$ cat data_22.txt   # compact mmCIF, C-alpha atoms
# COMPACT_ATOMS: atom_id res chain seq x y z
CA MET A 1 63.96 176.82 7.52
CA SER A 2 61.88 179.99 7.49
CA ARG A 3 58.41 179.96 6.05
CA THR A 4 59.18 182.63 3.44
CA PHE A 5 62.21 180.68 2.27
CA THR A 6 60.13 177.51 1.95
CA TYR A 7 57.55 179.45 -0.02
CA TYR A 8 60.08 180.73 -2.55
CA LEU A 9 61.62 177.26 -2.78
CA ALA A 10 58.18 175.81 -3.62
CA VAL A 11 57.57 178.48 -6.28
CA LEU A 12 61.02 177.94 -7.83
CA ASP A 13 60.50 174.17 -7.74
CA GLY A 14 57.11 174.58 -9.41
CA ALA A 15 58.62 176.78 -12.14
CA ILE A 16 61.33 174.20 -12.87
CA CYS A 17 58.67 171.47 -13.14
CA VAL A 18 56.62 173.57 -15.59
CA TYR A 19 59.74 174.36 -17.65
CA PHE A 20 60.65 170.70 -18.05
CA PHE A 21 57.06 169.82 -18.85
CA ILE A 22 56.79 172.43 -21.62
CA ARG A 23 60.16 171.43 -23.03
CA LEU A 24 58.94 167.84 -23.14
CA LEU A 25 55.73 168.80 -24.95
CA PHE A 26 57.33 170.84 -27.70
CA PHE A 27 60.89 169.58 -28.08
CA ALA A 28 60.59 165.83 -27.79
CA GLN A 29 62.48 164.90 -30.99
CA SER A 30 65.77 163.98 -29.35
CA ARG A 31 64.34 162.25 -26.26
CA THR A 32 65.28 158.84 -24.94
CA VAL A 33 63.33 156.64 -22.55
CA GLN A 34 66.05 157.31 -20.00
CA ASN A 35 65.17 161.05 -20.21
CA ASP A 36 61.53 160.20 -19.56
CA VAL A 37 62.32 158.14 -16.48
CA VAL A 38 64.87 160.50 -14.91
CA GLN A 39 62.76 163.60 -15.50
CA GLY A 40 59.60 161.78 -14.40
CA VAL A 41 61.18 160.88 -11.06
CA LEU A 42 62.65 164.36 -10.48
CA ILE A 43 59.50 166.22 -11.46
CA GLY A 44 57.33 163.74 -9.51
CA PHE A 45 59.33 164.53 -6.36
CA GLY A 46 59.20 168.24 -7.13
CA LEU A 47 55.44 168.14 -7.60
CA ALA A 48 55.00 166.26 -4.31
CA PHE A 49 56.76 169.12 -2.48
CA VAL A 50 54.87 171.84 -4.38
CA SER A 51 51.46 170.19 -3.89
CA ALA A 52 52.07 169.56 -0.17
CA GLN A 53 53.12 173.19 0.30
CA ALA A 54 50.12 174.46 -1.65
CA TYR A 55 47.69 172.18 0.20
CA ALA A 56 49.19 173.23 3.55
CA ARG A 57 48.49 176.86 2.69
CA ILE A 58 44.91 176.04 1.65
CA LYS A 59 44.15 173.93 4.74
CA ALA A 60 45.88 176.18 7.29
CA THR A 61 43.53 178.20 9.48
CA LYS A 62 44.62 181.83 9.63
CA VAL A 63 43.08 184.11 12.23
CA ASN A 64 44.44 187.51 13.27
CA GLY A 65 47.81 186.66 11.72
CA TRP A 66 48.10 183.35 13.61
CA ILE A 67 48.38 180.06 11.72
CA THR A 68 47.14 176.71 12.94
CA MET A 69 46.01 173.43 11.40
CA PHE A 70 43.30 171.04 12.50
CA GLY A 71 43.49 167.28 12.25
CA LEU A 72 47.22 166.92 13.00
CA GLY A 73 48.11 163.31 13.81
CA VAL A 74 44.49 162.12 13.66
CA PRO A 75 44.07 158.58 12.28
CA GLY A 76 42.34 158.60 8.90
CA ASN A 77 43.24 162.21 8.07
CA GLY A 78 44.37 161.26 4.56
CA MET A 79 47.76 161.19 2.82
CA LEU A 80 47.45 164.64 1.21
CA LEU A 81 46.66 166.27 4.55
CA ARG A 82 49.45 164.34 6.30
CA ALA A 83 51.98 165.59 3.74
CA ALA A 84 50.59 169.11 4.17
CA HIS A 85 50.82 168.88 7.99
CA ALA A 86 54.47 167.88 7.67
CA GLN A 87 55.16 171.20 5.91
CA LEU A 88 53.87 173.55 8.62
CA PHE A 89 54.19 171.36 11.72
CA PRO A 90 57.04 168.94 11.04
CA GLY A 91 57.25 166.32 13.76
CA PRO A 92 55.10 163.99 15.85
CA VAL A 93 52.61 166.67 16.87
CA ASN A 94 49.63 166.18 19.22
CA VAL A 95 46.06 165.58 18.02
CA PRO A 96 43.80 168.67 18.43
CA GLN A 97 41.95 167.27 21.47
CA GLU A 98 45.29 166.92 23.29
CA ALA A 99 46.82 170.24 22.26
CA MET A 100 46.39 173.05 19.74
CA TYR A 101 49.30 175.11 18.46
CA TRP A 102 49.29 178.51 16.80
CA THR A 103 52.32 180.27 15.42
CA THR A 104 53.05 183.63 13.85
CA THR A 105 55.97 185.67 12.59
CA GLY A 106 53.78 188.68 11.86
CA ASP A 107 51.51 191.10 13.69
CA GLY A 108 47.76 191.43 13.09
CA ALA A 109 48.45 193.90 10.25
CA GLY A 110 50.72 191.40 8.47
CA HIS A 111 54.07 193.10 9.20
CA ALA A 112 57.01 190.98 10.36
CA LEU A 113 57.48 190.89 14.15
CA SER A 114 60.69 192.57 15.25
CA GLY A 115 62.21 193.66 18.56
CA LYS A 116 62.72 197.08 16.98
CA HIS A 117 59.05 197.68 17.82
CA ASP A 118 56.88 197.18 20.92
CA TYR A 119 53.77 195.01 20.76
CA ILE A 120 50.73 194.24 22.87
CA MET A 121 48.52 191.19 22.80
CA HIS A 122 45.16 192.02 24.36
CA PHE A 123 42.92 189.29 25.77
CA PRO A 124 39.43 190.67 26.47
CA PRO A 125 37.76 189.91 29.85
CA ASN A 126 37.23 186.12 30.11
CA GLY A 127 39.10 185.87 26.82
CA LEU A 128 42.06 183.73 27.87
CA PRO A 129 42.17 180.42 25.96
CA PRO A 130 39.68 177.91 27.42
CA ASN A 131 41.39 174.67 28.49
CA ASP A 132 41.46 171.79 30.95
CA ALA A 133 45.25 171.70 31.30
CA PHE A 134 47.24 174.86 30.57
CA TRP A 135 48.04 177.49 27.96
CA SER A 136 51.27 179.32 27.18
CA LEU A 137 52.74 181.92 24.84
CA THR A 138 56.41 181.28 24.04
CA MET A 139 58.99 183.52 22.37
CA GLY A 140 61.53 182.35 19.81
CA ASP A 141 64.18 184.36 17.96
CA ALA A 142 64.63 184.40 14.16
CA ARG A 143 66.05 180.85 14.33
CA ASN A 144 63.26 179.68 16.65
CA HIS A 145 65.56 179.47 19.68
CA PHE A 146 64.90 180.78 23.19
CA VAL A 147 65.76 184.43 23.76
CA ALA A 148 68.27 185.44 26.46
CA ASN A 149 66.79 188.07 28.79
CA PRO A 150 67.52 189.63 32.21
CA ILE A 151 64.55 187.97 33.98
CA ASN A 152 64.99 184.45 32.53
CA ARG A 153 61.45 184.42 31.21
CA TYR A 154 60.92 182.43 28.02
CA SER A 155 57.14 182.25 28.03
CA VAL A 156 54.11 183.74 29.70
CA SER A 157 51.22 181.53 30.70
CA ASP A 158 48.45 180.81 33.16
CA ARG A 159 51.16 180.26 35.80
CA THR A 160 53.61 183.15 35.35
CA GLY A 161 51.59 185.64 37.38
CA LEU A 162 50.01 187.78 34.66
CA THR A 163 48.34 190.87 36.13
CA PRO A 164 44.87 191.56 34.70
CA ASN A 165 43.63 195.07 33.94
CA ALA A 166 40.84 196.66 36.03
CA ASP A 167 38.17 195.30 33.66
CA GLY A 168 39.56 191.75 33.81
CA SER A 169 41.24 191.89 30.40
CA VAL A 170 44.91 190.88 30.12
CA ASP A 171 47.63 192.64 28.13
CA ILE A 172 50.90 190.91 27.25
CA TYR A 173 53.82 193.19 26.36
CA MET A 174 56.26 191.87 23.77
CA GLN A 175 59.31 194.10 23.52
CA ASN A 176 63.08 194.10 23.86
CA THR A 177 63.23 196.23 27.01
CA ALA A 178 61.03 195.91 30.10
CA PRO A 179 57.75 197.85 29.92
CA ALA A 180 57.74 200.25 32.90
CA GLY A 181 55.03 199.27 35.36
CA HIS A 182 54.09 196.13 33.45
CA GLU A 183 57.04 193.84 34.20
CA SER A 184 54.76 191.00 35.30
CA ASN A 185 53.17 190.91 31.83
CA TRP A 186 56.41 191.26 29.89
CA LEU A 187 57.43 188.60 27.38
CA PRO A 188 61.01 189.60 26.50
CA ALA A 189 61.68 189.88 22.75
CA PRO A 190 65.07 189.77 21.00
CA SER A 191 66.38 192.89 19.23
CA GLY A 192 65.63 191.39 15.80
CA ARG A 193 62.92 189.27 14.21
CA PHE A 194 60.96 186.84 16.35
CA ILE A 195 58.37 184.06 16.22
CA LEU A 196 55.59 183.33 18.72
CA TRP A 197 54.05 180.01 19.70
CA MET A 198 50.70 179.75 21.40
CA ARG A 199 49.93 176.39 23.00
CA VAL A 200 46.67 175.27 24.56
CA TYR A 201 46.66 171.80 26.08
CA MET A 202 43.35 169.97 26.44
CA PRO A 203 41.68 172.87 24.61
CA GLY A 204 38.07 173.79 25.32
CA ALA A 205 35.15 173.11 22.95
CA THR A 206 35.17 176.65 21.50
CA ILE A 207 38.78 176.18 20.40
CA LEU A 208 38.10 172.83 18.76
CA ASN A 209 35.05 174.15 16.86
CA GLY A 210 36.96 177.22 15.70
CA GLU A 211 34.85 179.78 17.59
CA TYR A 212 37.70 180.98 19.79
CA LYS A 213 39.97 183.49 18.07
CA VAL A 214 43.52 184.06 19.28
CA PRO A 215 43.90 187.86 19.59
CA PRO A 216 46.23 189.66 17.14
CA ILE A 217 49.66 191.04 18.04
CA VAL A 218 49.30 194.81 17.85
CA LYS A 219 52.19 197.23 17.31
CA ILE A 220 52.19 200.19 19.71
CA MET B 221 61.30 154.29 -32.64
CA ILE B 222 59.18 155.61 -29.81
CA SER B 223 56.73 158.34 -30.73
CA ASN B 224 56.30 161.63 -28.90
CA THR B 225 53.01 160.46 -27.42
CA GLN B 226 54.67 157.36 -26.02
CA HIS B 227 57.44 159.49 -24.50
CA LEU B 228 54.79 161.66 -22.93
CA LEU B 229 52.92 158.65 -21.56
CA ILE B 230 56.07 157.12 -20.03
CA PHE B 231 57.07 160.44 -18.52
CA SER B 232 53.58 161.24 -17.16
CA GLY B 233 53.10 157.75 -15.74
CA ILE B 234 56.37 157.84 -13.84
CA CYS B 235 55.78 161.42 -12.78
CA ILE B 236 52.35 160.65 -11.28
CA ALA B 237 53.56 157.42 -9.63
CA VAL B 238 56.51 159.21 -8.01
CA TRP B 239 54.28 162.11 -6.97
CA LEU B 240 51.82 159.76 -5.22
CA LEU B 241 54.59 157.71 -3.65
CA ALA B 242 56.51 160.75 -2.37
CA THR B 243 53.34 162.32 -0.94
CA TYR B 244 52.41 159.06 0.78
CA LEU B 245 55.91 158.52 2.15
CA TRP B 246 56.51 162.12 3.27
CA PRO B 247 55.53 161.56 6.95
CA ARG B 248 57.57 158.34 7.02
CA MET B 249 60.67 160.13 5.71
CA MET B 250 60.15 162.87 8.31
CA LEU B 251 59.78 160.40 11.19
CA SER B 252 62.83 158.43 10.05
CA VAL B 253 64.80 161.49 11.18
CA TYR B 254 63.31 161.00 14.66
CA LYS B 255 64.11 157.28 14.55
CA ARG B 256 67.74 158.09 13.81
CA ALA B 257 67.78 160.75 16.53
CA VAL B 258 66.52 158.26 19.14
CA LEU B 259 68.30 155.06 18.18
CA VAL B 260 71.56 156.39 16.71
CA LYS B 261 72.35 159.87 18.00
CA GLY B 262 70.53 160.17 21.32
CA PHE B 263 70.04 163.45 23.11
CA GLY B 264 73.35 163.97 24.84
CA ASP B 265 73.72 160.70 26.78
CA GLY B 266 74.34 158.41 23.83
CA PRO B 267 71.90 156.38 21.75
CA ILE B 268 68.63 155.29 23.37
CA PRO B 269 68.28 151.49 23.07
CA ILE B 270 65.16 150.13 21.41
CA ASN B 271 62.23 149.51 23.79
CA THR B 272 63.58 151.89 26.45
CA LEU B 273 62.53 155.40 27.42
CA TYR B 274 64.72 158.45 27.93
CA THR B 275 63.71 161.60 29.77
CA GLU B 276 65.32 164.90 28.85
CA PRO B 277 67.73 166.03 31.61
CA GLN B 278 66.45 168.69 34.01
CA LYS B 279 69.31 170.94 32.95
CA LEU B 280 67.97 170.96 29.38
CA PHE B 281 64.71 172.38 30.67
CA ALA B 282 66.09 174.65 33.40
CA GLU B 283 68.77 176.30 31.25
CA PRO B 284 67.20 176.50 27.80
CA LEU B 285 69.95 178.78 26.46
CA VAL B 286 72.79 176.45 27.40
CA SER B 287 71.01 173.29 26.29
CA GLN B 288 71.03 174.27 22.65
CA THR B 289 74.70 173.39 22.41
CA ALA B 290 74.37 169.95 24.03
CA SER B 291 75.84 167.04 22.12
CA GLY B 292 73.64 164.56 20.30
CA SER B 293 70.48 165.35 18.37
CA ASN B 294 68.78 168.66 19.08
CA LEU B 295 65.42 167.35 17.90
CA MET B 296 64.06 167.15 21.43
CA THR B 297 64.60 170.84 21.99
CA VAL B 298 63.73 171.94 18.47
CA GLY B 299 61.03 174.56 18.76
CA VAL B 300 60.64 176.54 21.96
CA ASN B 301 58.79 174.64 24.68
CA HIS B 302 58.96 175.68 28.31
CA ASP B 303 55.86 173.79 29.46
CA THR B 304 56.49 170.08 29.41
CA LEU B 305 59.35 167.70 30.07
CA ALA B 306 59.84 165.27 27.20
CA THR B 307 60.33 161.50 27.41
CA VAL B 308 61.00 159.55 24.21
CA GLY B 309 61.53 156.02 23.03
CA TRP B 310 61.29 153.84 19.94
CA LEU B 311 59.50 150.48 20.16
CA ASP B 312 59.98 147.34 18.11
CA LEU B 313 57.04 145.06 18.90
CA SER B 314 58.08 142.33 16.47
CA LYS B 315 59.97 140.53 19.23
CA GLY B 316 57.14 140.77 21.75
CA SER B 317 54.72 143.08 23.48
CA GLN B 318 55.82 145.85 25.79
CA VAL B 319 54.30 147.00 29.06
CA LEU B 320 54.11 150.71 29.75
CA HIS B 321 53.94 151.59 33.42
CA VAL B 322 52.84 155.06 34.48
CA PRO B 323 52.98 156.31 38.09
CA ASP B 324 50.23 158.20 39.92
CA PHE B 325 50.43 161.78 38.59
CA SER B 326 47.90 163.05 41.21
CA ASP B 327 45.98 165.31 38.80
CA ARG B 328 49.09 166.72 37.09
CA TYR B 329 48.78 167.08 33.30
CA TYR B 330 50.73 164.48 31.37
CA SER B 331 50.34 162.48 28.20
CA VAL B 332 52.08 159.57 26.54
CA GLN B 333 51.56 159.67 22.80
CA PHE B 334 51.88 156.57 20.60
CA THR B 335 52.74 157.45 17.02
CA ASP B 336 52.71 155.15 13.99
CA PRO B 337 55.91 156.32 12.25
CA SER B 338 54.76 155.16 8.82
CA LYS B 339 52.00 157.77 8.74
CA ASN B 340 52.77 160.13 11.63
CA ILE B 341 49.38 159.48 13.20
CA ASN B 342 48.78 159.13 16.93
CA PHE B 343 46.81 155.92 17.35
CA ALA B 344 46.63 155.99 21.15
CA TYR B 345 47.21 158.16 24.20
CA VAL B 346 47.74 157.39 27.85
CA GLY B 347 47.41 160.43 30.08
CA LYS B 348 45.19 162.85 31.94
CA ARG B 349 42.78 163.43 29.04
CA THR B 350 42.29 159.81 28.00
CA THR B 351 43.01 157.54 30.97
CA GLY B 352 43.23 159.87 33.97
CA THR B 353 46.18 160.40 36.29
CA ALA B 354 46.12 157.21 38.40
CA ALA B 355 48.98 154.71 38.14
CA GLY B 356 48.47 152.00 35.54
CA ASP B 357 49.95 149.36 33.26
CA TYR B 358 49.31 149.23 29.53
CA LEU B 359 50.10 146.33 27.24
CA ILE B 360 51.31 147.54 23.84
CA THR B 361 50.84 144.87 21.22
CA GLY B 362 51.89 144.73 17.58
CA PRO B 363 49.69 143.89 14.59
CA GLY B 364 48.23 140.39 14.64
CA TRP B 365 49.08 139.79 18.31
CA LYS B 366 47.16 136.93 19.88
CA GLY B 367 47.21 136.25 23.57
CA THR B 368 45.55 137.11 26.81
CA VAL B 369 45.96 140.50 28.35
CA PRO B 370 47.21 140.00 31.93
CA GLN B 371 44.80 141.04 34.63
CA GLY B 372 45.03 144.67 35.59
CA MET B 373 46.48 145.75 32.24
CA THR B 374 44.79 147.67 29.44
CA GLN B 375 45.65 146.71 25.87
CA ILE B 376 46.86 149.23 23.29
CA SER B 377 46.96 147.71 19.80
CA SER B 378 49.52 149.23 17.49
CA PRO B 379 48.94 149.08 13.73
CA ASN B 380 52.72 148.91 13.23
CA ASN B 381 55.57 147.02 14.91
CA SER B 382 57.53 150.26 15.04
CA VAL B 383 56.16 152.86 17.44
CA LEU B 384 57.43 156.27 18.47
CA VAL B 385 56.56 156.92 22.12
CA LEU B 386 56.50 160.53 23.23
CA GLY B 387 55.71 161.50 26.81
CA ARG B 388 55.00 165.04 27.99
CA VAL B 389 54.87 165.90 31.70
CA PHE B 390 53.70 169.33 32.80
CA VAL B 391 56.18 171.52 34.67
CA GLU B 392 54.48 174.15 36.83
CA ASN B 393 57.61 176.26 37.37
CA ASP B 394 61.34 175.91 38.04
CA SER B 395 60.86 174.72 41.62
CA ASP B 396 58.44 172.05 40.38
CA LEU B 397 60.99 170.70 37.90
CA PRO B 398 62.54 168.00 40.16
CA THR B 399 59.08 166.57 40.94
CA ALA B 400 58.12 166.56 37.26
CA TYR B 401 61.43 164.90 36.36
CA CYS B 402 61.03 162.25 39.06
CA LEU B 403 57.53 161.42 37.78
CA SER B 404 58.74 161.35 34.16
CA LYS B 405 61.45 158.84 35.06
CA GLN B 406 58.78 156.55 36.49
CA ILE B 407 57.15 156.20 33.09
CA GLN B 408 58.77 152.89 32.24
CA LEU B 409 58.78 150.10 29.70
CA THR B 410 59.25 146.41 30.40
CA SER B 411 58.78 143.38 28.18
CA LEU B 412 55.85 141.11 28.89
$ encode --input "data_22.txt" --output "structure tokens"
Amino acid sequence: MSRTFTYYLAVLDGAICVYFFIRLLFFAQSRTVQNDVVQGVLIGFGLAFVSAQAYARIKATKVNGWITMFGLGVPGNGMLLRAAHAQLFPGPVNVPQEAMYWTTTGDGAGHALSGKHDYIMHFPPNGLPPNDAFWSLTMGDARNHFVANPINRYSVSDRTGLTPNADGSVDIYMQNTAPAGHESNWLPAPSGRFILWMRVYMPGATILNGEYKVPPIVKI
Amino acid sequence: MISNTQHLLIFSGICIAVWLLATYLWPRMMLSVYKRAVLVKGFGDGPIPINTLYTEPQKLFAEPLVSQTASGSNLMTVGVNHDTLATVGWLDLSKGSQVLHVPDFSDRYYSVQFTDPSKNINFAYVGKRTTGTAAGDYLITGPGWKGTVPQGMTQISSPNNSVLVLGRVFVENDSDLPTAYCLSKQIQLTSL
């Protein structure tokens, strides 16, 4: 389920809840207790979804177009936060100390990522994600599936032989066709929309305290 | 006759109760999908019996485009992950404690995550970050367990008799896959 779709679903759901609530306030003459119970259950469920979605959007950390959340899977994180986590990162996800995840479907300027364009992600010198295990940047298509490509590369990482620039910075090229002269730093994109996942396992202290910023995806 | 105010009170009371309940149960409902995937559907080789571990086949990792059409649940390959090989299992500790054995990973990154499925929180980890990469045996006990931990074992107390176990073993590259798979298969469960 795409994030935009979920968003519209939450808004629609919220509107339906408000409609029923107003109708109840002003047109209660012909009500029965059965109405109260049935509508209470339905609207209660609806509100749970809307509030979890809203709280997820408040608690999500957005930097340079990337979205992450802290406190996933941590004991004592609270029922509201757990419901919110389930919206953006559904599944038994790692605690932050074990792994941090960032995801984006848009570039740094907020436009949807698409293989119709070419993109660069620029890590400044010594700017690769600090970690004690590994990091990776993985490509998914519009349905969050791996993308078929001529070099069978599905992710770039600390072990795929990225070539640094002369000043030690690293550029990753995300595009549908191979970038001439930069094949080693190519993360093949599909022809249509795509999603990116950044993973850092055993992340360094500057990631956990929020100092480290994942660089934006820049359209070229 | 019931007045408008009473209608409003009944409605609001039920609404708030259901809202709280649904919010509280959301992670449990989500993880029940995983429970069904493990115990009922499996990941291509049939259901995974309770208190056993299953490692995703090498083919699933090596040919990520083909694997998406494999039979069984696709939950293990949901999301794009080309870093770690997954091992999963569902524990029921009500009939007794389980022993998790991990082999020597000789500095390779791995983790075994223990998740309480009622809240989707990870109450314990075995792995490079928490326990190191040497071989070891861990006694997983349910709530209220009384007994002596056998010598040489470390106890992991679960707050719930149901536990989702999720192992992740780092794969350096395609040629490293058989080694990673072999190590993953040596993460094993036995009853005490």
$ interface_residues --input "data_22.txt" --of "chain A" --to "chain B" --cutoff "7 Å" --atoms "all atoms listed in the file" --output "number ranges by chain"
A: 28, 33, 36-37, 40-41, 43-45, 47-48, 73-75, 79-80, 82-83, 86, 91-92, 133, 138, 140, 144-146, 148, 155
$ atom_distance --input "data_22.txt" --atom1 "CA of Asn131 in chain A" --atom2 "CA of Thr374 in chain B"
27.2 Å
$ atom_distance --input "data_22.txt" --atom1 "CA of Gly364 in chain B" --atom2 "CA of Val93 in chain A"
26.7 Å
$ residues_near_point --input "data_22.txt" --point "(48.1, 147.9, 26.6)" --cutoff "12 Å" --atoms "all atoms listed in the file" --output "ChimeraX atom specification"
/B:317-322,334,344-346,351,356-362,365,368-378,409-412
$ write_last_selection --input "data_22.txt" --atoms "C-alpha atoms" --output "PDB file, keeping the file's coordinate frame"
ATOM      1  CA  SER B 317      54.720 143.080  23.480  1.00  0.00           C
ATOM      2  CA  GLN B 318      55.820 145.850  25.790  1.00  0.00           C
ATOM      3  CA  VAL B 319      54.300 147.000  29.060  1.00  0.00           C
ATOM      4  CA  LEU B 320      54.110 150.710  29.750  1.00  0.00           C
ATOM      5  CA  HIS B 321      53.940 151.590  33.420  1.00  0.00           C
ATOM      6  CA  VAL B 322      52.840 155.060  34.480  1.00  0.00           C
ATOM      7  CA  PHE B 334      51.880 156.570  20.600  1.00  0.00           C
ATOM      8  CA  ALA B 344      46.630 155.990  21.150  1.00  0.00           C
ATOM      9  CA  TYR B 345      47.210 158.160  24.200  1.00  0.00           C
ATOM     10  CA  VAL B 346      47.740 157.390  27.850  1.00  0.00           C
ATOM     11  CA  THR B 351      43.010 157.540  30.970  1.00  0.00           C
ATOM     12  CA  GLY B 356      48.470 152.000  35.540  1.00  0.00           C
ATOM     13  CA  ASP B 357      49.950 149.360  33.260  1.00  0.00           C
ATOM     14  CA  TYR B 358      49.310 149.230  29.530  1.00  0.00           C
ATOM     15  CA  LEU B 359      50.100 146.330  27.240  1.00  0.00           C
ATOM     16  CA  ILE B 360      51.310 147.540  23.840  1.00  0.00           C
ATOM     17  CA  THR B 361      50.840 144.870  21.220  1.00  0.00           C
ATOM     18  CA  GLY B 362      51.890 144.730  17.580  1.00  0.00           C
ATOM     19  CA  TRP B 365      49.080 139.790  18.310  1.00  0.00           C
ATOM     20  CA  THR B 368      45.550 137.110  26.810  1.00  0.00           C
ATOM     21  CA  VAL B 369      45.960 140.500  28.350  1.00  0.00           C
ATOM     22  CA  PRO B 370      47.210 140.000  31.930  1.00  0.00           C
ATOM     23  CA  GLN B 371      44.800 141.040  34.630  1.00  0.00           C
ATOM     24  CA  GLY B 372      45.030 144.670  35.590  1.00  0.00           C
ATOM     25  CA  MET B 373      46.480 145.750  32.240  1.00  0.00           C
ATOM     26  CA  THR B 374      44.790 147.670  29.440  1.00  0.00           C
ATOM     27  CA  GLN B 375      45.650 146.710  25.870  1.00  0.00           C
ATOM     28  CA  ILE B 376      46.860 149.230  23.290  1.00  0.00           C
ATOM     29  CA  SER B 377      46.960 147.710  19.800  1.00  0.00           C
ATOM     30  CA  SER B 378      49.520 149.230  17.490  1.00  0.00           C
ATOM     31  CA  LEU B 409      58.780 150.100  29.700  1.00  0.00           C
ATOM     32  CA  THR B 410      59.250 146.410  30.400  1.00  0.00           C
ATOM     33  CA  SER B 411      58.780 143.380  28.180  1.00  0.00           C
ATOM     34  CA  LEU B 412      55.850 141.110  28.890  1.00  0.00           C
TER      35      LEU B 412
END
$ atom_distance --input "data_22.txt" --atom1 "CA of Pro323 in chain B" --atom2 "CA of Asp265 in chain B"
24.0 Å
$ closest_atom_pairs --input "data_22.txt" --of "range 99-173 of chain A" --to "range 201-207 of chain A" --cutoff "7 Å" --atoms "all atoms listed in the file" --output "Markdown table"
| residue | atom | partner | partner_atom | distance |
| --- | --- | --- | --- | --- |
| A:Ala99 | CA | A:Tyr201 | CA | 4.1 |
| A:Met100 | CA | A:Tyr201 | CA | 6.5 |
| A:Pro130 | CA | A:Gly204 | CA | 4.9 |
| A:Asn131 | CA | A:Pro203 | CA | 4.3 |
| A:Asp132 | CA | A:Met202 | CA | 5.2 |
| A:Ala133 | CA | A:Tyr201 | CA | 5.4 |
| A:Phe134 | CA | A:Tyr201 | CA | 5.5 |
| A:Trp135 | CA | A:Tyr201 | CA | 6.1 |
$ residues_around --input "data_22.txt" --residues "Met174 in chain A" --least-positions-apart "4" --cutoff "7 Å" --atoms "only C-alpha atoms" --output "number ranges by chain"
A: 118-120, 186-189
$ write_last_selection --input "data_22.txt" --atoms "C-alpha atoms" --output "tab-separated table (two decimals), keeping the file's coordinate frame"
chain	number	residue	atom	x	y	z
A	118	ASP	CA	56.88	197.18	20.92
A	119	TYR	CA	53.77	195.01	20.76
A	120	ILE	CA	50.73	194.24	22.87
A	186	TRP	CA	56.41	191.26	29.89
A	187	LEU	CA	57.43	188.60	27.38
A	188	PRO	CA	61.01	189.60	26.50
A	189	ALA	CA	61.68	189.88	22.75
$ closest_residue --input "data_22.txt" --among "A:Phe70, A:Tyr154, A:Phe194, A:Tyr173" --to "Leu208 in chain A" --atoms "all atoms listed in the file"
A:Phe70
$ residues_around --input "data_22.txt" --residues "Val170 in chain A" --least-positions-apart "6" --cutoff "9 Å" --atoms "only C-alpha atoms" --output "number ranges by chain"
A: 121-125, 127-128, 162-164, 185
$ decode --input "data_22.txt" --residues "range 368-380 of chain B" --atoms "N, CA and C atoms" --output "PDB file, in the first residue's frame"
ATOM      1  N   THR B 368      16.617 -24.155  37.413  1.00  0.00           N
ATOM      2  CA  THR B 368      18.018 -23.767  37.399  1.00  0.00           C
ATOM      3  C   THR B 368      18.494 -23.750  35.964  1.00  0.00           C
ATOM      4  N   VAL B 369      19.213 -22.700  35.642  1.00  0.00           N
ATOM      5  CA  VAL B 369      19.768 -22.588  34.305  1.00  0.00           C
ATOM      6  C   VAL B 369      20.978 -23.516  34.223  1.00  0.00           C
ATOM      7  N   PRO B 370      20.969 -24.468  33.288  1.00  0.00           N
ATOM      8  CA  PRO B 370      22.112 -25.388  33.161  1.00  0.00           C
ATOM      9  C   PRO B 370      23.417 -24.629  32.972  1.00  0.00           C
ATOM     10  N   GLN B 371      24.478 -25.237  33.453  1.00  0.00           N
ATOM     11  CA  GLN B 371      25.778 -24.591  33.364  1.00  0.00           C
ATOM     12  C   GLN B 371      26.151 -24.345  31.902  1.00  0.00           C
ATOM     13  N   GLY B 372      26.727 -23.191  31.659  1.00  0.00           N
ATOM     14  CA  GLY B 372      27.168 -22.866  30.316  1.00  0.00           C
ATOM     15  C   GLY B 372      26.086 -22.203  29.477  1.00  0.00           C
ATOM     16  N   MET B 373      24.874 -22.079  30.031  1.00  0.00           N
ATOM     17  CA  MET B 373      23.804 -21.419  29.277  1.00  0.00           C
ATOM     18  C   MET B 373      23.492 -20.049  29.879  1.00  0.00           C
ATOM     19  N   THR B 374      23.033 -19.148  29.028  1.00  0.00           N
ATOM     20  CA  THR B 374      22.604 -17.831  29.477  1.00  0.00           C
ATOM     21  C   THR B 374      21.092 -17.780  29.365  1.00  0.00           C
ATOM     22  N   GLN B 375      20.425 -17.259  30.396  1.00  0.00           N
ATOM     23  CA  GLN B 375      18.966 -17.235  30.368  1.00  0.00           C
ATOM     24  C   GLN B 375      18.432 -15.996  29.658  1.00  0.00           C
ATOM     25  N   ILE B 376      17.406 -16.198  28.845  1.00  0.00           N
ATOM     26  CA  ILE B 376      16.645 -15.090  28.248  1.00  0.00           C
ATOM     27  C   ILE B 376      15.210 -15.266  28.699  1.00  0.00           C
ATOM     28  N   SER B 377      14.705 -14.313  29.523  1.00  0.00           N
ATOM     29  CA  SER B 377      13.342 -14.430  30.022  1.00  0.00           C
ATOM     30  C   SER B 377      12.387 -13.732  29.074  1.00  0.00           C
ATOM     31  N   SER B 378      11.407 -14.474  28.598  1.00  0.00           N
ATOM     32  CA  SER B 378      10.403 -13.873  27.727  1.00  0.00           C
ATOM     33  C   SER B 378       9.202 -13.427  28.549  1.00  0.00           C
ATOM     34  N   PRO B 379       8.660 -12.251  28.257  1.00  0.00           N
ATOM     35  CA  PRO B 379       7.459 -11.796  28.962  1.00  0.00           C
ATOM     36  C   PRO B 379       6.191 -12.510  28.492  1.00  0.00           C
ATOM     37  N   ASN B 380       6.313 -13.319  27.427  1.00  0.00           N
ATOM     38  CA  ASN B 380       5.149 -13.928  26.789  1.00  0.00           C
ATOM     39  C   ASN B 380       5.511 -15.359  26.394  1.00  0.00           C
TER      40      ASN B 380
END
